[in-house]
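What follows is the content of upload_26.cif, which has mmCIF, C-alpha atoms:
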data_query
loop_
_atom_site.label_atom_id
_atom_site.label_comp_id
_atom_site.auth_asym_id
_atom_site.auth_seq_id
_atom_site.Cartn_x
_atom_site.Cartn_y
_atom_site.Cartn_z
CA MET N 1 30.32 -9.60 24.78
CA LYS N 2 33.31 -7.68 26.31
CA LYS N 3 34.46 -4.77 24.20
CA PRO N 4 37.98 -5.15 22.80
CA ILE N 5 40.71 -2.98 24.22
CA ASP N 6 41.44 -0.03 21.99
CA PRO N 7 44.76 -0.95 20.24
CA SER N 8 45.66 2.70 19.71
CA LEU N 9 48.18 3.78 22.41
CA GLY N 10 49.61 6.73 20.55
CA SER N 11 48.15 9.23 22.99
CA ILE N 12 49.82 7.67 26.10
CA SER N 13 53.37 8.65 27.04
CA GLU N 14 56.06 6.03 27.80
CA ASP N 15 56.40 7.25 31.42
CA GLN N 16 52.69 6.98 32.01
CA LEU N 17 52.62 3.47 30.56
CA LEU N 18 55.50 2.29 32.83
CA LYS N 19 53.81 3.91 35.81
CA ASP N 20 50.58 1.97 35.12
CA LEU N 21 52.54 -1.29 34.90
CA ASN N 22 54.21 -0.76 38.33
CA THR N 23 51.06 0.02 40.37
CA ASN N 24 49.52 -3.41 40.83
CA ASP N 25 48.31 -2.84 44.40
CA GLU N 26 47.24 0.78 44.24
CA GLU N 27 43.91 0.73 42.46
CA GLU N 28 41.49 3.59 42.62
CA ALA N 29 38.19 2.98 44.38
CA PRO N 30 35.32 2.63 41.95
CA GLU N 31 33.44 5.76 41.22
CA VAL N 32 29.97 6.13 42.66
CA GLY N 33 27.39 5.53 40.00
CA TYR N 34 24.17 3.73 39.13
CA LEU N 35 22.79 1.29 36.55
CA THR N 36 21.11 2.88 33.60
CA THR N 37 19.23 1.69 30.53
CA ASP N 38 19.05 3.91 27.44
CA ILE N 39 16.19 4.08 24.88
CA PHE N 40 17.72 1.27 22.85
CA GLY N 41 17.62 -1.16 25.82
CA GLU N 42 21.39 -1.08 26.52
CA THR N 43 22.20 -1.40 30.23
CA GLY N 44 25.24 0.41 31.66
CA PHE N 45 26.81 1.91 34.76
CA GLU N 46 26.44 5.67 34.89
CA LYS N 47 29.54 7.65 35.92
CA SER N 48 28.67 11.32 35.76
CA ASP N 49 27.97 11.56 32.01
CA GLU N 50 29.69 8.28 31.04
CA THR N 51 27.86 4.98 30.45
CA LEU N 52 29.62 1.65 31.04
CA SER N 53 28.68 -1.74 29.65
CA VAL N 54 27.51 -4.56 31.94
CA GLU N 55 30.91 -6.32 31.77
CA GLU N 56 32.74 -3.11 32.64
CA ILE N 57 30.46 -2.69 35.64
CA MET N 58 31.29 -6.23 36.77
CA ASP N 59 35.03 -5.50 36.44
CA GLU N 60 34.59 -2.37 38.59
CA ILE N 61 32.58 -4.24 41.21
CA GLU N 62 35.10 -7.10 41.26
CA GLY N 63 38.00 -4.65 41.67
CA ALA N 64 36.20 -2.90 44.48
CA SER N 65 35.54 -6.14 46.35
CA LEU N 66 39.21 -7.15 46.14
CA LYS N 67 40.35 -3.88 47.68
CA GLY N 68 37.67 -3.89 50.35
CA MET N 69 38.36 -7.36 51.83
CA PRO N 70 40.62 -7.04 54.94
CA GLY N 71 43.65 -9.24 55.32
CA GLU N 72 43.81 -10.28 51.72
CA LYS N 73 46.35 -9.28 49.15
CA LYS N 74 44.81 -7.22 46.43
CA THR N 75 45.55 -9.12 43.26
CA PRO N 76 43.87 -8.73 39.96
CA SER N 77 41.23 -11.25 39.04
CA ARG N 78 41.90 -13.60 36.15
CA SER N 79 38.47 -14.44 34.81
CA LYS N 80 37.82 -16.19 31.56
CA TYR N 81 37.07 -12.81 30.08
CA SER N 82 40.46 -11.24 30.90
CA SER N 83 44.11 -11.83 30.10
CA GLY N 84 46.94 -11.78 32.65
CA HIS N 85 47.40 -8.02 32.49
CA SER N 86 44.05 -6.84 31.30
CA HIS N 87 43.23 -5.40 34.73
CA ARG N 88 46.35 -3.26 34.66
CA HIS N 89 44.95 -1.54 31.59
CA SER N 90 41.40 -1.37 32.83
CA HIS N 91 41.53 2.31 33.72
CA HIS N 92 42.69 3.25 30.26
CA HIS N 93 40.24 0.86 28.68
CA HIS N 94 37.29 2.32 30.55
CA HIS N 95 38.32 5.83 29.73
CA SER N 96 38.77 5.08 26.05
CA SER N 97 35.51 3.16 25.79
CA SER N 98 33.44 5.79 27.54
CA SER N 99 35.06 8.50 25.42
CA ARG N 100 34.02 6.69 22.30
CA LYS N 101 30.51 6.27 23.68
CA LYS N 102 30.32 9.96 24.45
CA LYS N 103 31.48 10.81 20.98
CA LYS N 104 28.96 8.44 19.45
CA LYS N 105 26.19 9.79 21.62
CA GLU N 106 27.01 13.35 20.63
CA GLN N 107 26.77 12.45 16.91
CA LYS N 108 23.30 10.89 17.13
CA LEU N 109 20.54 12.76 15.29
CA PRO N 110 17.45 13.78 17.25
CA ILE N 111 14.64 11.21 17.22
CA ALA N 112 12.41 13.54 15.17
CA ALA N 113 15.10 13.88 12.51
CA ARG N 114 15.62 10.13 12.36
CA ILE N 115 11.86 9.60 11.99
CA ALA N 116 11.70 12.18 9.20
CA ILE N 117 14.58 10.52 7.37
CA GLY N 118 12.91 7.13 7.80
CA ILE N 119 9.67 8.48 6.31
CA LEU N 120 11.54 9.99 3.36
CA VAL N 121 13.34 6.71 2.72
CA PHE N 122 10.03 4.86 2.92
CA LEU N 123 8.37 7.24 0.45
CA LEU N 124 11.33 6.97 -1.89
CA LEU N 125 11.05 3.20 -1.71
CA ILE N 126 7.36 3.41 -2.61
CA VAL N 127 8.15 5.64 -5.60
CA VAL N 128 10.87 3.26 -6.79
CA LEU N 129 8.66 0.21 -6.36
CA GLY N 130 5.80 2.03 -8.09
CA ALA N 131 8.03 2.88 -11.04
CA VAL N 132 9.24 -0.71 -11.25
CA ALA N 133 5.66 -2.01 -11.07
CA PHE N 134 4.61 0.46 -13.78
CA PHE N 135 7.33 -0.63 -16.20
CA VAL N 136 6.63 -4.31 -15.47
CA MET N 137 2.91 -3.82 -16.12
CA ARG N 138 3.64 -1.80 -19.24
CA GLY N 139 5.97 -4.45 -20.61
CA MET N 140 3.58 -7.29 -19.86
CA GLY N 141 0.70 -5.38 -21.44
CA GLN N 142 2.71 -4.72 -24.58
CA ARG N 143 3.79 -8.35 -24.96
CA ASP N 144 0.24 -9.55 -24.40
CA LEU N 145 -1.19 -7.31 -27.11
CA ASN N 146 1.57 -8.16 -29.57
CA ASN N 147 1.22 -11.90 -28.97
CA VAL N 148 -2.56 -12.06 -29.40
CA SER N 149 -3.45 -14.06 -32.48
CA ALA N 150 -6.92 -13.24 -33.69
CA ASP N 151 -9.21 -16.19 -34.26
CA ASN N 152 -10.26 -14.68 -37.55
CA VAL N 153 -7.31 -15.01 -39.94
CA ASN N 154 -9.26 -14.40 -43.13
CA TYR N 155 -8.15 -10.81 -43.64
CA GLN N 156 -6.12 -9.96 -46.70
CA GLU N 157 -2.42 -9.27 -46.17
CA THR N 158 -2.39 -7.03 -49.25
CA ILE N 159 -5.23 -5.24 -51.01
CA GLU N 160 -5.27 -3.74 -54.49
CA TYR N 161 -7.58 -0.72 -54.57
CA LYS N 162 -7.91 1.95 -57.23
CA GLY N 163 -4.46 1.30 -58.71
CA HIS N 164 -2.58 1.17 -55.39
CA THR N 165 -1.30 -1.67 -53.22
CA TYR N 166 -1.84 -1.70 -49.48
CA GLN N 167 -0.10 -3.86 -46.86
CA TYR N 168 -1.73 -4.83 -43.58
CA ASN N 169 -0.05 -3.00 -40.68
CA ASP N 170 0.96 -5.43 -37.92
CA ASP N 171 1.63 -2.52 -35.56
CA VAL N 172 -2.10 -1.83 -35.20
CA VAL N 173 -4.00 -3.32 -32.27
CA SER N 174 -7.76 -2.95 -31.93
CA LEU N 175 -10.40 -2.94 -29.23
CA ALA N 176 -14.12 -3.41 -29.84
CA PHE N 177 -16.12 -1.22 -27.47
CA LEU N 178 -19.64 -2.51 -26.91
CA GLY N 179 -22.33 -0.53 -25.14
CA ILE N 180 -24.78 -3.15 -23.86
CA ASP N 181 -28.49 -2.47 -23.37
CA GLN N 182 -29.99 -5.33 -21.37
CA ARG N 183 -33.57 -4.16 -21.58
CA THR N 184 -35.83 -6.71 -23.22
CA LEU N 185 -36.71 -5.76 -26.78
CA GLU N 186 -40.32 -4.78 -27.29
CA ASN N 187 -40.71 -7.32 -30.08
CA SER N 188 -38.63 -10.05 -28.47
CA THR N 189 -40.22 -13.49 -28.45
CA THR N 190 -37.69 -14.99 -26.06
CA SER N 191 -37.59 -14.76 -22.29
CA ASP N 192 -33.84 -15.29 -22.01
CA PHE N 193 -32.75 -12.11 -23.81
CA VAL N 194 -29.24 -11.20 -22.62
CA GLY N 195 -28.98 -7.77 -24.21
CA ALA N 196 -27.92 -6.11 -27.45
CA SER N 197 -24.90 -3.98 -28.34
CA ASP N 198 -26.40 -0.56 -28.96
CA ALA N 199 -22.93 0.93 -29.37
CA ASP N 200 -20.40 -0.82 -31.63
CA VAL N 201 -17.16 1.12 -31.82
CA VAL N 202 -13.68 -0.01 -32.83
CA VAL N 203 -10.70 1.80 -31.27
CA SER N 204 -7.42 1.09 -33.08
CA VAL N 205 -3.96 2.14 -31.89
CA ASN N 206 -0.78 2.19 -33.93
CA THR N 207 1.81 1.03 -31.39
CA LYS N 208 4.65 2.68 -33.32
CA THR N 209 3.20 6.15 -33.69
CA GLY N 210 0.46 6.19 -31.05
CA GLU N 211 -2.04 7.31 -33.68
CA THR N 212 -5.51 6.33 -32.48
CA SER N 213 -8.56 5.88 -34.67
CA VAL N 214 -12.21 5.43 -33.74
CA ILE N 215 -14.57 3.73 -36.17
CA ALA N 216 -18.27 3.87 -35.41
CA VAL N 217 -20.08 0.88 -36.91
CA PRO N 218 -23.85 1.51 -36.98
CA ARG N 219 -25.72 -0.93 -34.75
CA ASP N 220 -28.19 -1.68 -37.57
CA THR N 221 -25.48 -2.70 -40.05
CA MET N 222 -26.58 -5.88 -41.81
CA VAL N 223 -23.96 -8.62 -41.41
CA ASP N 224 -23.63 -12.39 -41.05
CA VAL N 225 -24.25 -13.25 -37.39
CA ASP N 226 -23.58 -16.64 -35.82
CA MET N 227 -26.59 -17.82 -33.86
CA TRP N 228 -25.79 -19.58 -30.57
CA SER N 229 -28.09 -20.82 -27.88
CA THR N 230 -27.56 -19.60 -24.30
CA SER N 231 -26.18 -23.06 -23.53
CA GLY N 232 -23.47 -22.61 -26.19
CA ILE N 233 -24.89 -24.74 -29.01
CA PHE N 234 -24.26 -23.37 -32.52
CA LEU N 235 -27.50 -23.03 -34.45
CA ARG N 236 -26.85 -21.28 -37.75
CA THR N 237 -25.47 -18.13 -39.40
CA GLU N 238 -27.98 -15.52 -40.48
CA LYS N 239 -27.78 -12.04 -41.98
CA THR N 240 -29.24 -9.65 -39.45
CA GLN N 241 -28.51 -6.47 -37.50
CA LEU N 242 -25.07 -6.21 -35.94
CA CYS N 243 -26.46 -5.31 -32.51
CA LEU N 244 -28.10 -8.76 -32.23
CA ALA N 245 -24.79 -10.63 -32.41
CA TYR N 246 -24.41 -10.05 -28.68
CA ALA N 247 -27.93 -11.32 -28.05
CA TYR N 248 -27.08 -14.70 -29.58
CA GLY N 249 -24.75 -15.80 -26.82
CA ASP N 250 -24.55 -16.33 -23.09
CA GLY N 251 -24.48 -12.69 -22.04
CA LYS N 252 -20.83 -13.11 -21.12
CA THR N 253 -17.70 -14.16 -23.00
CA LYS N 254 -19.56 -15.95 -25.81
CA SER N 255 -21.73 -12.92 -26.50
CA CYS N 256 -18.71 -10.60 -26.59
CA GLU N 257 -16.75 -12.87 -28.91
CA ASN N 258 -19.74 -13.26 -31.19
CA ALA N 259 -20.17 -9.49 -31.44
CA VAL N 260 -16.46 -9.02 -32.17
CA THR N 261 -16.60 -11.64 -34.93
CA SER N 262 -19.50 -9.83 -36.60
CA ILE N 263 -17.83 -6.42 -36.33
CA SER N 264 -14.70 -7.88 -37.90
CA ARG N 265 -16.80 -9.24 -40.77
CA VAL N 266 -18.16 -5.75 -41.43
CA LEU N 267 -14.58 -4.44 -41.62
CA TYR N 268 -13.35 -6.99 -44.15
CA ASN N 269 -12.24 -9.44 -41.46
CA VAL N 270 -9.48 -7.31 -39.91
CA PRO N 271 -8.27 -8.70 -36.54
CA ILE N 272 -9.77 -7.23 -33.37
CA GLN N 273 -7.64 -8.39 -30.45
CA LYS N 274 -9.61 -7.13 -27.46
CA TYR N 275 -13.17 -6.31 -26.42
CA PHE N 276 -14.72 -4.18 -23.71
CA ALA N 277 -18.46 -4.61 -23.14
CA LEU N 278 -19.91 -1.98 -20.81
CA ASP N 279 -23.44 -2.09 -19.44
CA LEU N 280 -25.10 1.27 -19.93
CA ASP N 281 -25.50 1.53 -16.14
CA GLY N 282 -21.74 1.95 -15.92
CA ILE N 283 -21.60 5.14 -18.02
CA ALA N 284 -22.47 7.50 -15.16
CA PRO N 285 -19.88 6.13 -12.66
CA LEU N 286 -17.10 6.25 -15.27
CA ASN N 287 -18.20 9.70 -16.43
CA ASP N 288 -18.12 11.09 -12.90
CA ALA N 289 -14.79 9.40 -12.12
CA ILE N 290 -13.06 12.10 -14.19
CA GLY N 291 -15.31 14.92 -13.02
CA GLY N 292 -17.75 14.84 -15.93
CA VAL N 293 -17.36 15.17 -19.69
CA THR N 294 -17.89 18.42 -21.60
CA VAL N 295 -19.41 18.28 -25.10
CA THR N 296 -21.17 20.54 -27.59
CA SER N 297 -24.57 18.93 -27.84
CA LEU N 298 -25.57 17.28 -31.11
CA TYR N 299 -29.10 16.59 -29.90
CA ASP N 300 -32.02 18.22 -28.11
CA ILE N 301 -32.64 16.68 -24.69
CA PRO N 302 -35.64 18.55 -23.21
CA GLU N 303 -35.56 16.79 -19.85
CA TYR N 304 -32.21 18.47 -19.12
CA ASN N 305 -33.02 21.64 -21.07
CA ILE N 306 -30.22 20.85 -23.52
CA LYS N 307 -30.42 22.11 -27.11
CA VAL N 308 -28.26 21.46 -30.16
CA GLY N 309 -25.13 23.63 -30.00
CA ASP N 310 -25.14 24.04 -26.22
CA GLU N 311 -21.85 23.37 -24.46
CA VAL N 312 -22.66 21.21 -21.48
CA THR N 313 -20.72 19.24 -18.90
CA LEU N 314 -22.44 15.89 -18.57
CA LYS N 315 -22.77 14.66 -14.99
CA GLY N 316 -24.40 11.52 -13.57
CA ASP N 317 -27.37 10.20 -15.52
CA MET N 318 -27.05 13.04 -18.05
CA ALA N 319 -24.16 11.17 -19.66
CA GLU N 320 -26.18 7.98 -20.18
CA THR N 321 -29.13 9.96 -21.51
CA TYR N 322 -26.93 11.80 -23.99
CA VAL N 323 -25.40 8.67 -25.55
CA ARG N 324 -28.55 6.56 -25.35
CA THR N 325 -31.56 8.72 -26.34
CA ARG N 326 -32.90 8.48 -29.87
CA ASP N 327 -36.05 9.40 -31.75
CA MET N 328 -37.90 6.12 -32.21
CA ASP N 329 -40.05 7.66 -34.96
CA SER N 330 -37.08 8.30 -37.25
CA ILE N 331 -35.50 5.52 -39.31
CA SER N 332 -32.11 7.28 -39.08
CA ALA N 333 -32.28 7.96 -35.34
CA SER N 334 -29.60 5.38 -34.52
CA LEU N 335 -27.13 7.14 -36.86
CA ASN N 336 -27.44 10.40 -34.93
CA ARG N 337 -26.98 8.47 -31.71
CA THR N 338 -23.85 6.79 -33.10
CA ASP N 339 -22.40 10.24 -33.86
CA ARG N 340 -23.01 11.27 -30.25
CA GLN N 341 -21.41 8.08 -28.96
CA VAL N 342 -18.25 8.70 -30.97
CA GLN N 343 -18.21 12.34 -29.88
CA TYR N 344 -18.57 11.28 -26.24
CA ILE N 345 -15.78 8.66 -26.41
CA ASN N 346 -13.44 11.21 -27.97
CA ALA N 347 -14.31 13.85 -25.37
CA PHE N 348 -13.95 11.34 -22.53
CA ALA N 349 -10.47 10.35 -23.73
CA ASN N 350 -9.39 13.98 -24.14
CA GLN N 351 -10.40 14.77 -20.58
CA ALA N 352 -9.13 11.52 -19.07
CA LEU N 353 -5.58 11.90 -20.46
CA PRO N 354 -4.77 15.08 -18.47
CA ALA N 355 -6.08 13.32 -15.35
CA VAL N 356 -3.73 10.42 -16.07
CA VAL N 357 -0.80 12.81 -16.53
CA LYS N 358 -1.56 14.33 -13.13
CA ASP N 359 -2.02 10.96 -11.46
CA PHE N 360 -1.15 7.79 -13.39
CA SER N 361 -3.13 5.67 -10.92
CA THR N 362 -6.23 7.14 -12.64
CA ILE N 363 -5.94 4.30 -15.17
CA SER N 364 -6.26 1.62 -12.51
CA LYS N 365 -9.06 3.55 -10.79
CA LEU N 366 -11.06 3.77 -14.03
CA TYR N 367 -10.33 0.13 -14.79
CA ASN N 368 -11.53 -0.98 -11.35
CA THR N 369 -14.66 1.16 -11.62
CA ALA N 370 -15.47 -0.20 -15.08
CA SER N 371 -14.93 -3.81 -13.96
CA LYS N 372 -18.13 -3.61 -11.89
CA TYR N 373 -20.18 -2.98 -15.02
CA SER N 374 -18.26 -4.72 -17.79
CA ARG N 375 -16.98 -7.89 -19.38
CA THR N 376 -13.60 -7.66 -21.06
CA ASN N 377 -10.44 -9.50 -22.01
CA LEU N 378 -8.51 -6.24 -21.72
CA THR N 379 -6.18 -6.51 -18.73
CA LEU N 380 -4.96 -3.72 -16.46
CA ASN N 381 -1.50 -4.32 -17.96
CA ASN N 382 -2.95 -3.70 -21.44
CA ALA N 383 -4.64 -0.50 -20.30
CA THR N 384 -1.43 0.69 -18.59
CA TYR N 385 0.59 0.04 -21.74
CA VAL N 386 -1.84 1.81 -24.07
CA GLY N 387 -2.27 4.74 -21.70
CA SER N 388 1.48 5.26 -21.32
CA LEU N 389 1.94 4.87 -25.07
CA LEU N 390 -0.54 7.65 -25.85
CA LEU N 391 1.04 9.92 -23.25
CA SER N 392 4.57 9.27 -24.49
CA LYS N 393 3.53 10.01 -28.08
CA GLY N 394 1.65 13.16 -27.08
CA VAL N 395 -1.66 11.91 -28.47
CA THR N 396 -4.37 14.39 -27.49
CA ASP N 397 -7.05 13.62 -30.06
CA PHE N 398 -8.46 10.63 -31.90
CA LYS N 399 -9.21 10.36 -35.60
CA THR N 400 -12.87 9.49 -36.03
CA TYR N 401 -14.40 7.67 -38.98
CA THR N 402 -18.07 7.41 -39.83
CA ILE N 403 -19.11 4.80 -42.37
CA GLU N 404 -21.46 6.17 -44.96
CA GLY N 405 -24.31 4.09 -46.26
CA GLU N 406 -28.04 3.75 -46.71
CA MET N 407 -30.63 3.13 -44.03
CA LYS N 408 -33.66 1.09 -45.08
CA ALA N 409 -36.87 0.14 -43.34
CA ASP N 410 -37.87 -3.50 -43.37
CA GLU N 411 -41.32 -4.50 -42.28
CA ASN N 412 -41.59 -7.92 -40.73
CA PRO N 413 -44.66 -9.66 -42.17
CA THR N 414 -45.01 -11.86 -39.09
CA MET N 415 -45.17 -8.79 -36.79
CA PRO N 416 -47.43 -6.11 -38.31
CA GLY N 417 -46.48 -2.55 -37.41
CA ILE N 418 -42.94 -3.48 -36.45
CA VAL N 419 -40.29 -1.92 -38.66
CA HIS N 420 -36.64 -2.98 -38.59
CA ALA N 421 -33.98 -0.42 -39.47
CA GLU N 422 -31.32 -1.92 -41.70
CA PHE N 423 -28.07 -0.16 -42.57
CA TYR N 424 -26.11 -1.07 -45.70
CA PRO N 425 -22.60 0.45 -45.82
CA ASP N 426 -21.30 2.16 -48.92
CA GLU N 427 -18.55 -0.17 -50.16
CA ASP N 428 -16.11 2.58 -51.14
CA SER N 429 -16.58 4.46 -47.85
CA LEU N 430 -16.08 1.25 -45.90
CA MET N 431 -12.99 0.18 -47.86
CA GLU N 432 -11.34 3.59 -47.56
CA THR N 433 -11.92 3.58 -43.81
CA VAL N 434 -10.41 0.12 -43.42
CA LEU N 435 -7.37 1.00 -45.55
CA ALA N 436 -6.78 4.26 -43.64
CA VAL N 437 -6.81 2.57 -40.23
CA PHE N 438 -5.41 -0.93 -40.77
CA TYR N 439 -3.24 -0.77 -43.90
CA THR N 440 -0.23 1.07 -45.25
CA GLN N 441 0.10 2.09 -48.88
CA ILE N 442 3.26 0.54 -50.34
CA ASP N 443 3.15 1.95 -53.89
#
For this file, write the structure as structure tokens.
Amino acid sequence: MKKPIDPSLGSISEDQLLKDLNTNDEEEAPEVGYLTTDIFGETGFEKSDETLSVEEIMDEIEGASLKGMPGEKKTPSRSKYSSGHSHRHSHHHHHSSSSRKKKKKEQKLPIAARIAIGILVFLLLIVVLGAVAFFVMRGMGQRDLNNVSADNVNYQETIEYKGHTYQYNDDVVSLAFLGIDQRTLENSTTSDFVGASDADVVVSVNTKTGETSVIAVPRDTMVDVDMWSTSGIFLRTEKTQLCLAYAYGDGKTKSCENAVTSISRVLYNVPIQKYFALDLDGIAPLNDAIGGVTVTSLYDIPEYNIKVGDEVTLKGDMAETYVRTRDMDSISASLNRTDRQVQYINAFANQALPAVVKDFSTISKLYNTASKYSRTNLTLNNATYVGSLLLSKGVTDFKTYTIEGEMKADENPTMPGIVHAEFYPDEDSLMETVLAVFYTQID
């Protein structure tokens, strides 16, 4: 497309303008030049340091041919691209156009600078999009947690206890953490054993204050457990150890939901919105994903030369050994192991939070690592929301609760020599824990 003639004539004197209009037959010969193409693919006609467009080149060539033909009157060409007197102004037009091009060319930034600016803009765009994605995920995670309606609606809205009234706190959301051991039980009579929940921990978060509580429910707690076949057929409800609730299911969603239902029953039917069931094989990868977890040992572990009171950074299989080992000759061995599990979860969280502050993508990395070894209805949006909530509220430690009670040994008459450990919670200890975590005193 032909460039428009510059409408600004302020720099041309009246005499010069009249002179240009009276010199129809005295055109200057075209300057010697050559075609050129710049780095942007624009073709022009090079005159010393000036670059002409293709159409300007054609005008020059056409003017030159008119002057060079003998015996013919040199008259300006009237092409469809020019007006009746456009050729008279061609010299000024070319000069003005090339001057503008020179000016534009002089203002261009070096290629390296333009590349650097492009990279900075790209990185800024990534940051902006990342921030937008974060807030979208956070909002979706919050709405999801707030909209979850627990299947178990049998909890009490208000509780009268020791002369005080307590109201259930709707701002509390809870996650049941299940540590799954899929090894076949020594006394199991079934070949389709899907595992048992050796760790049963409830993590509750107050979404208003960020206050986070961890309740360790002993695996041997006696509770009503729904018995389901692996094909999903309901059989019966039977009072047995909490850890077996997972075993009476399909090893997937049904097992998780069954375990959550039983844990809720232990805690006076409070709602538990989410679950996270982790195979014990996944402890080491998650542990190492944050560079290991440092604890003060609560147990002697000779194979790693660890003694009670030693401060040790657990790496690799050491982490699984620490939260899994127990003395099978002691009836209370599982209680000591539960204490270590709670200690480990608290220490893991305390060391993971600084890593999240340094790099918020740590949450998604941990989530993706855990997904290889877990079954959960906790979404990445949920995890993002909870993680950002704890950071924004400055939560650096969790309140831990241990349910007191009595451990009893029960000998099974059908299997001589086999002793079942049965834990019976102290009712006052259990009630006070539930009220502290899930309720608010209103008088």
**Request:** Let me know the residues the PyMOL selection byres ((chain N and resi 232-242) around 9) catches in the file above, as an MDAnalysis selection string.
**Result:** chainID N and resid 196:197 200 217:231 243:246 249:250 254 259 262:263 266 420:423
Residues of segment 226-300 of chain N that have any atom at most 12 Å from an atom of segment 433-439 of chain N: could you tabulate them with the shortest-distance atom pair and the distance in Å to one decimal, using all atoms listed in the file, ordered by chain and increasing number, as CSV?
residue,atom,partner,partner_atom,distance
N:Ser264,CA,N:Val434,CA,10.6
N:Arg265,CA,N:Val434,CA,11.6
N:Val266,CA,N:Val434,CA,9.9
N:Leu267,CA,N:Val434,CA,6.4
N:Tyr268,CA,N:Val434,CA,7.7
N:Asn269,CA,N:Val434,CA,9.9
N:Val270,CA,N:Phe438,CA,7.6
N:Pro271,CA,N:Phe438,CA,9.3
N:Ile272,CA,N:Phe438,CA,10.7
Evaluate the PyMOL selection byres ((chain N and resi 286) around 10) against this structure - the residues, as a compact mmCIF listing (two decimals) with C-alpha atoms, in the coordinates of the input, please.
# COMPACT_ATOMS: atom_id res chain seq x y z
CA ASP N 281 -25.50 1.53 -16.14
CA GLY N 282 -21.74 1.95 -15.92
CA ILE N 283 -21.60 5.14 -18.02
CA ALA N 284 -22.47 7.50 -15.16
CA PRO N 285 -19.88 6.13 -12.66
CA ASN N 287 -18.20 9.70 -16.43
CA ASP N 288 -18.12 11.09 -12.90
CA ALA N 289 -14.79 9.40 -12.12
CA ILE N 290 -13.06 12.10 -14.19
CA GLY N 291 -15.31 14.92 -13.02
CA GLY N 292 -17.75 14.84 -15.93
CA VAL N 293 -17.36 15.17 -19.69
CA GLY N 316 -24.40 11.52 -13.57
CA ALA N 319 -24.16 11.17 -19.66
CA PHE N 348 -13.95 11.34 -22.53
CA LYS N 365 -9.06 3.55 -10.79
CA LEU N 366 -11.06 3.77 -14.03
CA TYR N 367 -10.33 0.13 -14.79
CA ASN N 368 -11.53 -0.98 -11.35
CA THR N 369 -14.66 1.16 -11.62
CA ALA N 370 -15.47 -0.20 -15.08
CA TYR N 373 -20.18 -2.98 -15.02
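Taking atom CA of Val214 of chain N and atom CA of Val201 of chain N as the two end points, the separation is 6.8 Å.
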**Request:** May I ask which of the residues N:Thr338, N:Val295, N:Gly210, N:Ala176 is the closest one to Val386 of chain N, counting all atoms listed in the file?
**Result:**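 Smallest separation from Val386 of chain N among the options: N:Gly210.
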**Prompt:** Where does the PyMOL selection byres ((chain N and resi 335) around 12) land in this file, that is, which residues does it pick, as a ChimeraX atom specification?
**Reply:** /N:198-200,216-221,298-299,323-328,330-334,336-342,402-407,421-423
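For the atom pair formed by atom CA of Thr296 of chain N and atom CA of Glu432 of chain N, the distance is 28.0 Å, given to one decimal.
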**Message:** Rounded to one decimal, what separation in Å do you get between atom CA of Thr362 of chain N and atom CA of Lys252 of chain N?
**Reply:**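 Going from atom CA of Thr362 of chain N over to atom CA of Lys252 of chain N covers 26.4 Å.
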**Neighbour residues at most 12 Å from (-0.3, 7.8, -35.2) (all atoms listed in the file) as a list in words** = Asp171, Val172, Ser204, Val205, Asn206, Thr207, Lys208, Thr209, Gly210, Glu211, Thr212, Ser213, Leu389, Leu390, Ser392, Lys393, Gly394, Val395, Thr396, Asp397, Phe398, Lys399, Ala436, Val437 and Phe438 of chain N
**Using all atoms listed in the file: which of N:Asp443, N:Asp279, N:Asp300, N:Glu320 has the shortest distance to Ile159 of chain N** = N:Asp443
Take every atom of segment 204-212 of chain N listed in the file, pad by 4 Å on each side, and give me the axis-aligned box centre and edge lengths in Å, one decimal, as lines of an AutoDock Vina configuration file.
center_x = -1.4
center_y = 4.2
center_z = -32.5
size_x = 20.1
size_y = 14.3
size_z = 10.9
